[in-house]
file protein12.cif (mmCIF, C-alpha atoms)
data_my_file
#
loop_
_atom_site.label_atom_id
_atom_site.label_comp_id
_atom_site.auth_asym_id
_atom_site.auth_seq_id
_atom_site.Cartn_x
_atom_site.Cartn_y
_atom_site.Cartn_z
CA MET A 1 20.26 9.67 6.53
CA LYS A 2 18.77 6.76 8.46
CA THR A 3 15.51 6.25 10.33
CA GLU A 4 14.97 3.25 12.58
CA SER A 5 11.72 1.74 13.80
CA VAL A 6 12.33 -1.99 14.10
CA ASN A 7 10.82 -5.03 15.80
CA ALA A 8 13.50 -7.72 15.51
CA ILE A 9 11.14 -10.62 16.27
CA GLU A 10 8.63 -9.73 13.58
CA GLY A 11 11.22 -8.63 11.04
CA LYS A 12 11.33 -5.28 9.33
CA ILE A 13 10.87 -3.45 6.06
CA SER A 14 14.01 -1.91 4.60
CA ILE A 15 13.51 1.12 2.33
CA ILE A 16 16.33 2.79 0.42
CA LEU A 17 15.65 5.98 -1.53
CA ARG A 18 18.46 6.65 -4.00
CA ARG A 19 18.58 10.20 -5.34
CA ASN A 20 20.24 10.97 -8.67
CA GLU A 21 21.10 14.46 -9.85
CA ASN A 22 20.49 13.72 -13.53
CA ALA A 23 17.88 10.98 -13.30
CA PRO A 24 14.70 10.15 -11.36
CA ALA A 25 15.07 8.79 -7.85
CA CYS A 26 14.64 5.07 -7.30
CA VAL A 27 13.33 3.17 -4.31
CA GLU A 28 14.48 -0.26 -3.14
CA VAL A 29 12.18 -2.17 -0.80
CA THR A 30 13.17 -5.41 0.91
CA SER A 31 11.56 -7.30 3.76
CA SER A 32 12.78 -9.64 6.48
CA ARG A 33 9.23 -10.34 7.65
CA PRO A 34 8.71 -14.04 8.49
CA VAL A 35 6.07 -14.41 5.78
CA HIS A 36 6.10 -18.21 6.11
CA ALA A 37 5.65 -18.29 9.89
CA ALA A 38 2.33 -20.08 9.36
CA LYS A 39 4.29 -23.24 8.57
CA PHE A 40 4.69 -23.54 12.34
CA LEU A 41 1.02 -24.53 12.42
CA ILE A 42 1.54 -27.60 10.24
CA GLY A 43 1.05 -30.78 12.26
CA LYS A 44 -1.11 -29.01 14.84
CA THR A 45 -4.78 -29.68 15.48
CA PRO A 46 -7.22 -26.94 14.52
CA GLU A 47 -7.75 -26.11 18.21
CA GLN A 48 -4.01 -25.80 18.79
CA ALA A 49 -3.64 -23.57 15.74
CA LEU A 50 -6.40 -21.25 16.94
CA SER A 51 -4.69 -20.86 20.31
CA ILE A 52 -1.27 -20.23 18.73
CA ILE A 53 -2.26 -17.70 16.05
CA PRO A 54 -2.89 -14.67 18.35
CA MET A 55 0.49 -15.29 19.98
CA LEU A 56 2.23 -15.76 16.64
CA PHE A 57 0.75 -12.54 15.22
CA SER A 58 0.64 -9.77 17.80
CA ILE A 59 -0.35 -7.14 15.20
CA CYS A 60 -3.96 -7.43 14.04
CA GLY A 61 -4.33 -10.64 16.06
CA VAL A 62 -8.14 -10.41 15.95
CA ALA A 63 -8.22 -10.26 12.15
CA GLN A 64 -5.73 -13.14 11.99
CA SER A 65 -7.87 -15.21 14.36
CA CYS A 66 -11.04 -14.32 12.45
CA ALA A 67 -9.49 -15.42 9.14
CA ALA A 68 -8.13 -18.58 10.76
CA ILE A 69 -11.37 -19.77 12.33
CA SER A 70 -13.35 -18.98 9.19
CA CYS A 71 -10.93 -21.10 7.17
CA ILE A 72 -10.91 -23.96 9.66
CA GLU A 73 -14.70 -24.03 10.04
CA GLN A 74 -15.10 -24.14 6.26
CA GLN A 75 -12.65 -27.01 6.02
CA LEU A 76 -14.32 -28.94 8.86
CA GLN A 77 -17.81 -28.05 7.56
CA LEU A 78 -18.90 -26.78 10.97
CA GLU A 79 -22.02 -24.76 11.68
CA ASN A 80 -22.18 -22.00 14.28
CA ALA A 81 -24.75 -20.38 16.51
CA PRO A 82 -26.74 -17.64 14.75
CA GLY A 83 -24.89 -14.36 14.35
CA ILE A 84 -21.45 -15.54 15.45
CA HIS A 85 -19.81 -14.49 12.17
CA HIS A 86 -21.24 -10.98 12.52
CA ALA A 87 -19.97 -10.79 16.10
CA ARG A 88 -16.47 -11.74 14.98
CA ASP A 89 -16.66 -9.17 12.18
CA LEU A 90 -17.57 -6.59 14.82
CA LEU A 91 -14.42 -7.49 16.74
CA VAL A 92 -12.35 -6.92 13.61
CA LEU A 93 -13.89 -3.45 13.37
CA ALA A 94 -12.99 -2.79 17.01
CA GLU A 95 -9.42 -3.80 16.29
CA THR A 96 -9.36 -1.62 13.16
CA ALA A 97 -10.53 1.36 15.21
CA ARG A 98 -7.83 0.70 17.80
CA GLU A 99 -5.07 0.35 15.20
CA HIS A 100 -6.07 3.58 13.43
CA LEU A 101 -6.31 5.43 16.75
CA LEU A 102 -2.89 4.22 17.86
CA ARG A 103 -1.36 5.56 14.66
CA ILE A 104 -3.20 8.85 15.11
CA PHE A 105 -2.32 9.40 18.77
CA LEU A 106 1.18 7.91 18.82
CA ASP A 107 2.58 8.65 15.34
CA TRP A 108 0.80 11.74 14.06
CA PRO A 109 2.06 14.09 16.80
CA ARG A 110 5.65 13.12 15.99
CA LEU A 111 5.06 13.47 12.26
CA PHE A 112 3.77 17.01 12.71
CA GLU A 113 6.13 18.05 15.51
CA LEU A 114 3.58 17.96 18.32
CA GLU A 115 3.59 16.28 21.72
CA VAL A 116 1.91 12.92 22.32
CA ASN A 117 -1.12 13.23 24.60
CA GLN A 118 -0.89 10.16 26.83
CA GLN A 119 -4.34 10.82 28.31
CA LYS A 120 -6.00 9.70 25.09
CA LEU A 121 -4.47 6.20 25.21
CA PRO A 122 -6.00 4.32 28.21
CA PHE A 123 -9.37 3.97 26.43
CA LEU A 124 -7.67 1.97 23.67
CA SER A 125 -5.92 -0.57 25.91
CA SER A 126 -9.07 -2.57 26.69
CA LEU A 127 -11.22 -1.70 23.67
CA VAL A 128 -11.04 -5.05 21.86
CA ASN A 129 -11.21 -7.20 25.00
CA ASP A 130 -14.21 -5.25 26.25
CA PHE A 131 -16.08 -6.13 23.05
CA LYS A 132 -14.99 -9.77 23.31
CA SER A 133 -16.36 -9.97 26.86
CA ALA A 134 -19.57 -8.21 25.84
CA LEU A 135 -20.29 -10.59 22.96
CA PHE A 136 -18.80 -13.97 23.95
CA GLU A 137 -18.93 -16.15 27.04
CA GLN A 138 -15.59 -15.91 28.88
CA GLY A 139 -14.51 -13.60 26.06
CA GLN A 140 -13.68 -16.68 23.93
CA ALA A 141 -14.45 -15.48 20.43
CA PHE A 142 -12.17 -17.68 18.34
CA SER A 143 -12.54 -21.25 19.51
CA LEU A 144 -14.51 -24.03 17.82
CA ASP A 145 -16.95 -24.08 20.75
CA SER A 146 -17.39 -20.31 21.20
CA ASN A 147 -20.74 -19.26 22.63
CA MET A 148 -22.30 -15.83 22.46
CA HIS A 149 -24.13 -14.00 25.22
CA ASP A 150 -27.90 -13.81 24.84
CA ASP A 151 -27.88 -10.19 26.01
CA ILE A 152 -25.84 -7.87 23.76
CA SER A 153 -26.84 -4.61 25.44
CA VAL A 154 -23.33 -4.22 26.86
CA ALA A 155 -21.96 -4.22 23.31
CA GLU A 156 -24.47 -1.52 22.37
CA ALA A 157 -23.19 0.62 25.25
CA LEU A 158 -19.58 0.05 24.15
CA ILE A 159 -20.40 1.24 20.65
CA ASP A 160 -21.94 4.39 22.09
CA GLN A 161 -18.77 4.94 24.14
CA LEU A 162 -16.60 4.53 21.05
CA ASP A 163 -18.83 6.95 19.14
CA CYS A 164 -18.48 9.58 21.89
CA TYR A 165 -14.73 9.01 22.14
CA LEU A 166 -14.24 9.55 18.40
CA GLN A 167 -16.43 12.65 18.47
CA ASP A 168 -14.63 14.18 21.45
CA GLN A 169 -11.03 13.10 20.83
CA VAL A 170 -10.67 12.87 17.04
CA PHE A 171 -13.26 14.85 15.07
CA CYS A 172 -14.63 17.38 17.61
CA ILE A 173 -18.01 17.27 15.90
CA PRO A 174 -20.64 14.48 15.62
CA LEU A 175 -19.41 11.69 13.35
CA GLN A 176 -22.40 11.83 11.04
CA GLN A 177 -21.87 15.55 10.55
CA TRP A 178 -18.22 14.95 9.62
CA LEU A 179 -19.17 12.12 7.26
CA GLU A 180 -21.49 14.48 5.42
CA PHE A 181 -18.53 16.47 4.09
CA LYS A 182 -18.52 15.95 0.34
CA THR A 183 -16.22 18.71 -0.94
CA VAL A 184 -12.63 19.80 -0.51
CA ASP A 185 -13.84 23.18 0.77
CA SER A 186 -15.95 21.65 3.56
CA LEU A 187 -13.01 19.51 4.68
CA HIS A 188 -10.61 22.45 4.52
CA ASN A 189 -12.97 24.72 6.46
CA TRP A 190 -13.28 22.11 9.20
CA SER A 191 -9.51 21.77 9.39
CA LYS A 192 -9.12 25.56 9.77
CA LEU A 193 -11.82 25.98 12.40
CA THR A 194 -11.23 22.87 14.55
CA ASP A 195 -8.59 22.49 17.23
CA CYS A 196 -7.74 18.78 17.07
CA LEU A 197 -4.90 16.60 15.84
CA ALA A 198 -6.78 15.25 12.80
CA ALA A 199 -7.71 18.75 11.64
CA HIS A 200 -4.17 20.00 12.27
CA SER A 201 -2.68 17.22 10.15
CA ILE A 202 -4.96 17.98 7.19
CA LEU A 203 -4.37 21.73 7.49
CA THR A 204 -0.61 21.18 7.56
CA ILE A 205 -0.72 18.95 4.46
CA CYS A 206 -2.80 21.56 2.61
CA GLU A 207 -0.87 24.66 3.69
CA HIS A 208 2.52 23.11 2.91
CA GLY A 209 1.37 22.18 -0.58
CA TRP A 210 1.73 18.47 0.10
CA THR A 211 -1.71 17.37 -1.10
CA THR A 212 -0.46 15.83 -4.35
CA GLN A 213 2.70 14.29 -2.91
CA GLY A 214 3.26 10.54 -3.27
CA PHE A 215 0.97 10.02 -6.25
CA CYS A 216 0.69 6.36 -7.26
CA GLN A 217 -0.95 4.81 -10.31
CA LEU A 218 -1.58 1.38 -8.81
CA GLY A 219 -5.13 0.10 -8.81
CA GLN A 220 -7.05 -1.06 -5.75
CA LEU A 221 -6.96 -4.81 -5.09
CA PRO A 222 -10.08 -6.28 -6.73
CA GLU A 223 -12.24 -9.13 -5.49
CA LEU A 224 -10.17 -12.30 -5.74
CA ASN A 225 -11.77 -15.47 -7.02
CA GLN A 226 -11.59 -18.26 -4.44
CA GLN A 227 -10.67 -21.00 -6.89
CA GLN A 228 -8.00 -18.88 -8.54
CA LEU A 229 -6.59 -18.09 -5.09
CA LEU A 230 -6.49 -21.79 -4.27
CA ASP A 231 -4.62 -22.40 -7.50
CA ARG A 232 -2.04 -19.76 -6.57
CA PHE A 233 -1.57 -21.16 -3.05
CA ASN A 234 -1.22 -24.70 -4.38
CA ALA A 235 1.15 -23.82 -7.24
CA GLU A 236 4.85 -24.64 -7.20
CA ASN A 237 5.69 -20.92 -6.89
CA ALA A 238 3.29 -20.34 -3.97
CA SER A 239 6.16 -19.18 -1.78
CA GLN A 240 6.96 -16.40 -4.24
CA PHE A 241 3.29 -15.42 -4.43
CA ILE A 242 3.10 -15.04 -0.64
CA GLN A 243 6.35 -13.09 -0.42
CA GLN A 244 5.78 -10.77 -3.40
CA PRO A 245 2.15 -11.13 -4.53
CA ASP A 246 0.65 -10.07 -7.83
CA TRP A 247 -2.73 -10.69 -9.43
CA GLN A 248 -2.83 -11.53 -13.12
CA GLY A 249 0.65 -10.06 -13.45
CA LYS A 250 -0.13 -6.73 -11.78
CA GLN A 251 0.65 -5.19 -8.38
CA TYR A 252 -2.17 -3.64 -6.36
CA GLU A 253 -2.69 -1.79 -3.13
CA THR A 254 -4.97 -2.88 -0.30
CA THR A 255 -5.47 -0.14 2.31
CA SER A 256 -8.10 2.01 3.98
CA LEU A 257 -8.22 3.93 0.70
CA SER A 258 -9.15 0.73 -1.13
CA ARG A 259 -12.14 0.24 1.17
CA GLN A 260 -13.26 3.89 1.12
CA PHE A 261 -12.66 4.55 -2.56
CA ASN A 262 -16.34 5.13 -3.33
CA HIS A 263 -17.16 7.32 -0.32
CA PRO A 264 -18.36 10.75 -1.59
CA LEU A 265 -15.58 12.72 0.12
CA ILE A 266 -12.86 10.32 -1.04
CA ALA A 267 -14.30 10.29 -4.56
CA CYS A 268 -14.14 14.10 -4.56
CA LEU A 269 -10.54 14.12 -3.31
CA HIS A 270 -9.63 11.48 -5.87
CA ARG A 271 -11.06 13.56 -8.71
CA GLU A 272 -8.99 16.58 -7.65
CA PHE A 273 -5.82 15.00 -6.24
CA ASP A 274 -5.90 11.40 -7.53
CA THR A 275 -4.36 8.74 -5.26
CA SER A 276 -1.98 11.14 -3.56
CA LEU A 277 -1.24 11.95 0.08
CA ILE A 278 -4.35 13.95 0.99
CA THR A 279 -6.74 11.36 -0.48
CA ARG A 280 -4.98 8.54 1.33
CA TRP A 281 -4.72 10.50 4.60
CA VAL A 282 -8.41 11.38 4.75
CA ALA A 283 -9.48 7.82 3.83
CA ARG A 284 -8.25 6.56 7.22
CA LEU A 285 -10.38 9.21 8.98
CA VAL A 286 -13.42 8.37 6.85
CA GLU A 287 -13.05 4.71 7.75
CA LEU A 288 -12.64 5.48 11.43
CA ALA A 289 -15.70 7.75 11.53
CA GLN A 290 -17.86 5.02 9.95
CA ILE A 291 -16.94 2.23 12.36
CA PRO A 292 -19.59 2.85 15.06
CA GLN A 293 -22.43 2.81 12.52
CA GLN A 294 -20.98 -0.32 10.91
CA MET A 295 -20.87 -1.96 14.34
CA ARG A 296 -24.51 -1.06 14.98
CA ALA A 297 -25.49 -2.58 11.64
CA LEU A 298 -23.73 -5.83 12.57
CA LEU A 299 -25.45 -5.93 15.96
CA GLN A 300 -28.80 -5.72 14.22
CA THR A 301 -27.97 -8.84 12.20
CA ILE A 302 -26.49 -10.90 15.03
CA ASN A 303 -29.83 -12.47 15.96
CA ASN A 304 -30.50 -13.68 12.42
CA THR A 305 -30.85 -17.44 12.15
CA ASP A 306 -28.83 -17.88 8.96
CA ASN A 307 -26.14 -20.46 9.70
CA THR A 308 -24.98 -20.85 6.14
CA GLN A 309 -21.28 -21.23 5.47
CA ASP A 310 -19.42 -20.30 2.32
CA ALA A 311 -19.78 -23.23 -0.05
CA HIS A 312 -16.52 -25.07 -0.41
CA SER A 313 -15.48 -28.30 -1.97
CA GLY A 314 -12.13 -29.96 -2.01
CA GLN A 315 -9.48 -30.51 0.61
CA SER A 316 -8.58 -26.94 1.55
CA ALA A 317 -10.25 -23.63 2.33
CA ILE A 318 -9.68 -19.90 1.81
CA SER A 319 -10.80 -16.94 3.92
CA GLN A 320 -10.40 -13.24 3.23
CA VAL A 321 -10.71 -10.60 5.97
CA GLU A 322 -10.35 -6.83 5.71
CA ALA A 323 -7.89 -6.05 8.50
CA ALA A 324 -6.85 -2.54 9.54
CA ARG A 325 -3.99 -2.41 7.02
CA GLY A 326 -5.72 -4.20 4.15
CA ARG A 327 -6.92 -7.58 2.99
CA LEU A 328 -5.67 -10.61 4.91
CA ILE A 329 -5.90 -14.04 3.25
CA HIS A 330 -5.60 -17.44 4.95
CA HIS A 331 -5.39 -20.86 3.30
CA VAL A 332 -5.61 -24.08 5.29
CA LYS A 333 -5.63 -27.78 4.50
CA ILE A 334 -6.67 -30.30 7.15
CA GLU A 335 -6.35 -34.07 6.88
CA GLN A 336 -7.27 -36.56 9.62
CA GLN A 337 -7.83 -33.68 12.08
CA LEU A 338 -4.30 -32.31 11.59
CA ILE A 339 -3.21 -29.25 9.61
CA THR A 340 -1.11 -30.33 6.64
CA ASN A 341 -0.73 -26.90 5.04
CA TYR A 342 -1.22 -23.34 6.28
CA GLN A 343 -0.44 -20.20 4.27
CA ILE A 344 -1.05 -16.54 5.05
CA LEU A 345 -0.86 -13.60 2.67
CA ALA A 346 -0.82 -10.31 4.60
CA PRO A 347 -1.59 -6.84 3.18
CA THR A 348 1.93 -5.60 3.90
CA GLU A 349 3.24 -7.91 1.17
CA TRP A 350 1.02 -6.12 -1.37
CA ASN A 351 1.65 -2.58 -0.14
CA PHE A 352 5.41 -2.97 0.44
CA HIS A 353 6.09 -5.06 -2.64
CA PRO A 354 9.42 -4.05 -4.28
CA GLN A 355 7.45 -2.68 -7.27
CA GLY A 356 4.36 -1.83 -5.28
CA LEU A 357 2.60 1.01 -3.52
CA ILE A 358 5.33 2.33 -1.24
CA ALA A 359 8.00 2.21 -3.94
CA GLN A 360 5.83 4.04 -6.48
CA SER A 361 4.63 6.60 -3.92
CA LEU A 362 8.05 7.52 -2.53
CA VAL A 363 9.62 7.97 -5.94
CA ASN A 364 7.04 10.72 -6.62
CA ILE A 365 7.81 12.77 -3.51
CA LYS A 366 9.37 16.17 -4.19
CA ALA A 367 10.82 18.30 -1.39
CA LYS A 368 12.64 21.61 -1.07
CA ASP A 369 15.26 20.25 1.31
CA GLU A 370 16.37 17.13 3.14
CA GLN A 371 14.36 17.87 6.27
CA GLU A 372 11.11 18.17 4.33
CA LEU A 373 11.95 15.05 2.31
CA LYS A 374 12.45 13.04 5.48
CA GLN A 375 9.19 14.31 7.00
CA LEU A 376 7.18 13.59 3.85
CA ILE A 377 8.56 10.08 3.54
CA ARG A 378 7.69 9.33 7.16
CA ILE A 379 4.18 10.71 6.64
CA MET A 380 3.68 8.61 3.50
CA ILE A 381 4.92 5.42 5.17
CA ASN A 382 2.53 6.08 8.06
CA ALA A 383 -0.37 6.63 5.66
CA ILE A 384 0.30 3.25 4.02
CA ASP A 385 1.14 1.69 7.40
CA PRO A 386 3.30 -1.44 7.48
CA CYS A 387 2.49 -3.99 10.18
CA VAL A 388 6.15 -4.06 11.29
CA GLY A 389 8.90 -1.52 11.84
CA TYR A 390 10.93 -0.09 9.03
CA HIS A 391 14.48 1.05 8.34
CA LEU A 392 14.92 3.99 5.99
CA ASP A 393 18.06 5.09 4.13
CA ILE A 394 18.11 8.20 1.96
CA ILE A 395 21.22 8.21 -0.18
#
call {"tool": "encode", "arguments": {"input": "protein12.cif", "output": "structure tokens"}}
result
Amino acid sequence: MKTESVNAIEGKISIILRRNENAPACVEVTSSRPVHAAKFLIGKTPEQALSIIPMLFSICGVAQSCAAISCIEQQLQLENAPGIHHARDLLVLAETAREHLLRIFLDWPRLFELEVNQQKLPFLSSLVNDFKSALFEQGQAFSLDSNMHDDISVAEALIDQLDCYLQDQVFCIPLQQWLEFKTVDSLHNWSKLTDCLAAHSILTICEHGWTTQGFCQLGQLPELNQQQLLDRFNAENASQFIQQPDWQGKQYETTSLSRQFNHPLIACLHREFDTSLITRWVARLVELAQIPQQMRALLQTINNTDNTQDAHSGQSAISQVEAARGRLIHHVKIEQQLITNYQILAPTEWNFHPQGLIAQSLVNIKAKDEQELKQLIRIMINAIDPCVGYHLDII
């Protein structure tokens, strides 16, 4: 059985699930992603690199640009206008909301045999650019001479619009009320009483007995020491690290679940179901519901006068950004105003490592027949969410 979802330009993930009658299944994961595409930036000026990056990386381009400019400004020891870092972080949140919503409205209906509602999509098409225009002059958020608007009231209105959209189109109750769920029963009751796609997906997972599917023992990616990261990027085997990363000899996951691990509802689900499908599935919704309040908190800090940059010494710089699909890491080295090294480690390389999250999760899926197996695998891949298409073989 084969499933195709492939973007030839950006490469693909290939997943083979081999079933054995007398032995556990095994999963083979390979990638043709151009993980060293950042080498194209070598020899460019910082300004050229910043203009190329959003074209080079169409998925999560805001997070890529945010990581890039943070790295470059560190390396060039530049100071910014007050609040500009918070404004860029807010844009990453807007992009995260859009990416989660696209998966919910485009993928979830197909995963649960429902029709896609096209009327929900137009709001998402301009979401990120609307925030750019509201916060930055000419919408230029990621240039070395970016300037912010003095009046950020338009951004406040956009956050209110996003809040209402999430309430009406995703959760069907006020976000704060949904975020107050702290037990499995409260979540289950909401899923039974609410007529929306998110509730339907959770109810289906529960009623089909899929809550514990795809259990994985991997830990969540910890904080990574900047100097140790620099050592890994500068080592002779840096290429291997970028293609198949590990930290101190271990594989980790970096996902919405990683970021929401300590939320009361996720902690409750983790205690009962561990890091299985239902815990992972709800973590994306928890993250999405929190984004408007996180945006408001950033707006409140934008007028602060703290211009401090991360302290950095040496000839290269590191930046880490939490993108929609996990932690994104950039490393840049600039000499005589030209980039002499540029490396990017994306979250997909952690999560779709040959011995990583997807491999360990899929090997623990149990199904009554081939149709259910195929559906569960597709649901699990969506929950982990690669940034490119995938090709699936079940043998």
call {"tool": "atom_distance", "arguments": {"input": "protein12.cif", "atom1": "CA of Leu175 (chain A)", "atom2": "CA of Leu135 (chain A)"}}
result
24.3 Å
call {"tool": "atom_distance", "arguments": {"input": "protein12.cif", "atom1": "CA of Pro109 (chain A)", "atom2": "CA of Ile291 (chain A)"}}
result
22.8 Å
call {"tool": "resolve_selection", "arguments": {"input": "protein12.cif", "expression": "the PyMOL selection byres ((chain A and resi 90-98) around 7)", "output": "short mmCIF file (atom, residue, chain, number, x, y, z; two decimals) with C-alpha atoms, in the frame of the given file"}}
result
data_model
loop_
_atom_site.label_atom_id
_atom_site.label_comp_id
_atom_site.auth_asym_id
_atom_site.auth_seq_id
_atom_site.Cartn_x
_atom_site.Cartn_y
_atom_site.Cartn_z
CA CYS A 60 -3.96 -7.43 14.04
CA VAL A 62 -8.14 -10.41 15.95
CA ALA A 63 -8.22 -10.26 12.15
CA HIS A 86 -21.24 -10.98 12.52
CA ALA A 87 -19.97 -10.79 16.10
CA ARG A 88 -16.47 -11.74 14.98
CA ASP A 89 -16.66 -9.17 12.18
CA GLU A 99 -5.07 0.35 15.20
CA HIS A 100 -6.07 3.58 13.43
CA LEU A 101 -6.31 5.43 16.75
CA LEU A 102 -2.89 4.22 17.86
CA LEU A 124 -7.67 1.97 23.67
CA LEU A 127 -11.22 -1.70 23.67
CA VAL A 128 -11.04 -5.05 21.86
CA PHE A 131 -16.08 -6.13 23.05
CA LYS A 132 -14.99 -9.77 23.31
CA LEU A 288 -12.64 5.48 11.43
CA ILE A 291 -16.94 2.23 12.36
CA MET A 295 -20.87 -1.96 14.34
CA LEU A 298 -23.73 -5.83 12.57
CA ALA A 323 -7.89 -6.05 8.50
CA ALA A 324 -6.85 -2.54 9.54
#
call {"tool": "residues_near_point", "arguments": {"input": "protein12.cif", "point": "(-1.9, -5.1, 6.7)", "cutoff": "10 Å", "atoms": "all atoms listed in the file", "output": "ChimeraX atom specification"}}
result
/A:59-60,63,254-256,322-328,345-352,384-388
call {"tool": "write_last_selection", "arguments": {"input": "protein12.cif", "atoms": "C-alpha atoms", "output": "mmCIF file, in the coordinates of the input"}}
result
data_model
loop_
_atom_site.group_PDB
_atom_site.id
_atom_site.type_symbol
_atom_site.label_atom_id
_atom_site.label_comp_id
_atom_site.auth_asym_id
_atom_site.auth_seq_id
_atom_site.Cartn_x
_atom_site.Cartn_y
_atom_site.Cartn_z
ATOM 1 C CA ILE A 59 -0.350 -7.140 15.200
ATOM 2 C CA CYS A 60 -3.960 -7.430 14.040
ATOM 3 C CA ALA A 63 -8.220 -10.260 12.150
ATOM 4 C CA THR A 254 -4.970 -2.880 -0.300
ATOM 5 C CA THR A 255 -5.470 -0.140 2.310
ATOM 6 C CA SER A 256 -8.100 2.010 3.980
ATOM 7 C CA GLU A 322 -10.350 -6.830 5.710
ATOM 8 C CA ALA A 323 -7.890 -6.050 8.500
ATOM 9 C CA ALA A 324 -6.850 -2.540 9.540
ATOM 10 C CA ARG A 325 -3.990 -2.410 7.020
ATOM 11 C CA GLY A 326 -5.720 -4.200 4.150
ATOM 12 C CA ARG A 327 -6.920 -7.580 2.990
ATOM 13 C CA LEU A 328 -5.670 -10.610 4.910
ATOM 14 C CA LEU A 345 -0.860 -13.600 2.670
ATOM 15 C CA ALA A 346 -0.820 -10.310 4.600
ATOM 16 C CA PRO A 347 -1.590 -6.840 3.180
ATOM 17 C CA THR A 348 1.930 -5.600 3.900
ATOM 18 C CA GLU A 349 3.240 -7.910 1.170
ATOM 19 C CA TRP A 350 1.020 -6.120 -1.370
ATOM 20 C CA ASN A 351 1.650 -2.580 -0.140
ATOM 21 C CA PHE A 352 5.410 -2.970 0.440
ATOM 22 C CA ILE A 384 0.300 3.250 4.020
ATOM 23 C CA ASP A 385 1.140 1.690 7.400
ATOM 24 C CA PRO A 386 3.300 -1.440 7.480
ATOM 25 C CA CYS A 387 2.490 -3.990 10.180
ATOM 26 C CA VAL A 388 6.150 -4.060 11.290
#
call {"tool": "closest_residue", "arguments": {"input": "protein12.cif", "among": "A:Asn262, A:Asn20, A:Asn117, A:Gln343", "to": "Leu230 (chain A)", "atoms": "all atoms listed in the file"}}
result
A:Gln343
call {"tool": "closest_residue", "arguments": {"input": "protein12.cif", "among": "A:Val35, A:Leu362, A:Ala81, A:Cys206", "to": "Gly11 (chain A)", "atoms": "all atoms listed in the file"}}
result
A:Val35
call {"tool": "closest_residue", "arguments": {"input": "protein12.cif", "among": "A:Ser126, A:His353, A:Gln167, A:Gln138", "to": "Gln243 (chain A)", "atoms": "all atoms listed in the file"}}
result
A:His353
call {"tool": "residues_around", "arguments": {"input": "protein12.cif", "residues": "Ala383 (chain A)", "least_positions_apart": "4", "cutoff": "12 Å", "atoms": "all atoms listed in the file", "output": "ChimeraX atom specification"}}
result
/A:100,103-104,107-108,111,201,213-214,255-257,275-285,324-325,351,357-358,361-362,376-379,387
call {"tool": "atom_distance", "arguments": {"input": "protein12.cif", "atom1": "CA of Ala359 (chain A)", "atom2": "CA of Ser319 (chain A)"}}
result
28.0 Å
call {"tool": "closest_residue", "arguments": {"input": "protein12.cif", "among": "A:Gln248, A:Pro174, A:Leu197, A:Gly83", "to": "Glu115 (chain A)", "atoms": "only C-alpha atoms"}}
result
A:Leu197
call {"tool": "closest_residue", "arguments": {"input": "protein12.cif", "among": "A:Gln355, A:Asn382, A:Thr211, A:Gln336", "to": "Gly249 (chain A)", "atoms": "all atoms listed in the file"}}
result
A:Gln355
call {"tool": "resolve_selection", "arguments": {"input": "protein12.cif", "expression": "the PyMOL selection byres ((chain A and resi 84) around 12)", "output": "mmCIF file with C-alpha atoms, keeping the file's coordinate frame"}}
result
data_model
loop_
_atom_site.group_PDB
_atom_site.id
_atom_site.type_symbol
_atom_site.label_atom_id
_atom_site.label_comp_id
_atom_site.auth_asym_id
_atom_site.auth_seq_id
_atom_site.Cartn_x
_atom_site.Cartn_y
_atom_site.Cartn_z
ATOM 1 C CA CYS A 66 -11.040 -14.320 12.450
ATOM 2 C CA ILE A 69 -11.370 -19.770 12.330
ATOM 3 C CA SER A 70 -13.350 -18.980 9.190
ATOM 4 C CA GLU A 79 -22.020 -24.760 11.680
ATOM 5 C CA ASN A 80 -22.180 -22.000 14.280
ATOM 6 C CA ALA A 81 -24.750 -20.380 16.510
ATOM 7 C CA PRO A 82 -26.740 -17.640 14.750
ATOM 8 C CA GLY A 83 -24.890 -14.360 14.350
ATOM 9 C CA HIS A 85 -19.810 -14.490 12.170
ATOM 10 C CA HIS A 86 -21.240 -10.980 12.520
ATOM 11 C CA ALA A 87 -19.970 -10.790 16.100
ATOM 12 C CA ARG A 88 -16.470 -11.740 14.980
ATOM 13 C CA ASP A 89 -16.660 -9.170 12.180
ATOM 14 C CA LEU A 90 -17.570 -6.590 14.820
ATOM 15 C CA LEU A 91 -14.420 -7.490 16.740
ATOM 16 C CA LYS A 132 -14.990 -9.770 23.310
ATOM 17 C CA LEU A 135 -20.290 -10.590 22.960
ATOM 18 C CA PHE A 136 -18.800 -13.970 23.950
ATOM 19 C CA GLU A 137 -18.930 -16.150 27.040
ATOM 20 C CA GLN A 140 -13.680 -16.680 23.930
ATOM 21 C CA ALA A 141 -14.450 -15.480 20.430
ATOM 22 C CA PHE A 142 -12.170 -17.680 18.340
ATOM 23 C CA SER A 143 -12.540 -21.250 19.510
ATOM 24 C CA LEU A 144 -14.510 -24.030 17.820
ATOM 25 C CA ASP A 145 -16.950 -24.080 20.750
ATOM 26 C CA SER A 146 -17.390 -20.310 21.200
ATOM 27 C CA ASN A 147 -20.740 -19.260 22.630
ATOM 28 C CA MET A 148 -22.300 -15.830 22.460
ATOM 29 C CA HIS A 149 -24.130 -14.000 25.220
ATOM 30 C CA ASP A 150 -27.900 -13.810 24.840
ATOM 31 C CA LEU A 298 -23.730 -5.830 12.570
ATOM 32 C CA LEU A 299 -25.450 -5.930 15.960
ATOM 33 C CA THR A 301 -27.970 -8.840 12.200
ATOM 34 C CA ILE A 302 -26.490 -10.900 15.030
ATOM 35 C CA ASN A 303 -29.830 -12.470 15.960
ATOM 36 C CA ASN A 304 -30.500 -13.680 12.420
ATOM 37 C CA THR A 305 -30.850 -17.440 12.150
ATOM 38 C CA ASP A 306 -28.830 -17.880 8.960
ATOM 39 C CA ASN A 307 -26.140 -20.460 9.700
ATOM 40 C CA THR A 308 -24.980 -20.850 6.140
ATOM 41 C CA GLN A 309 -21.280 -21.230 5.470
#
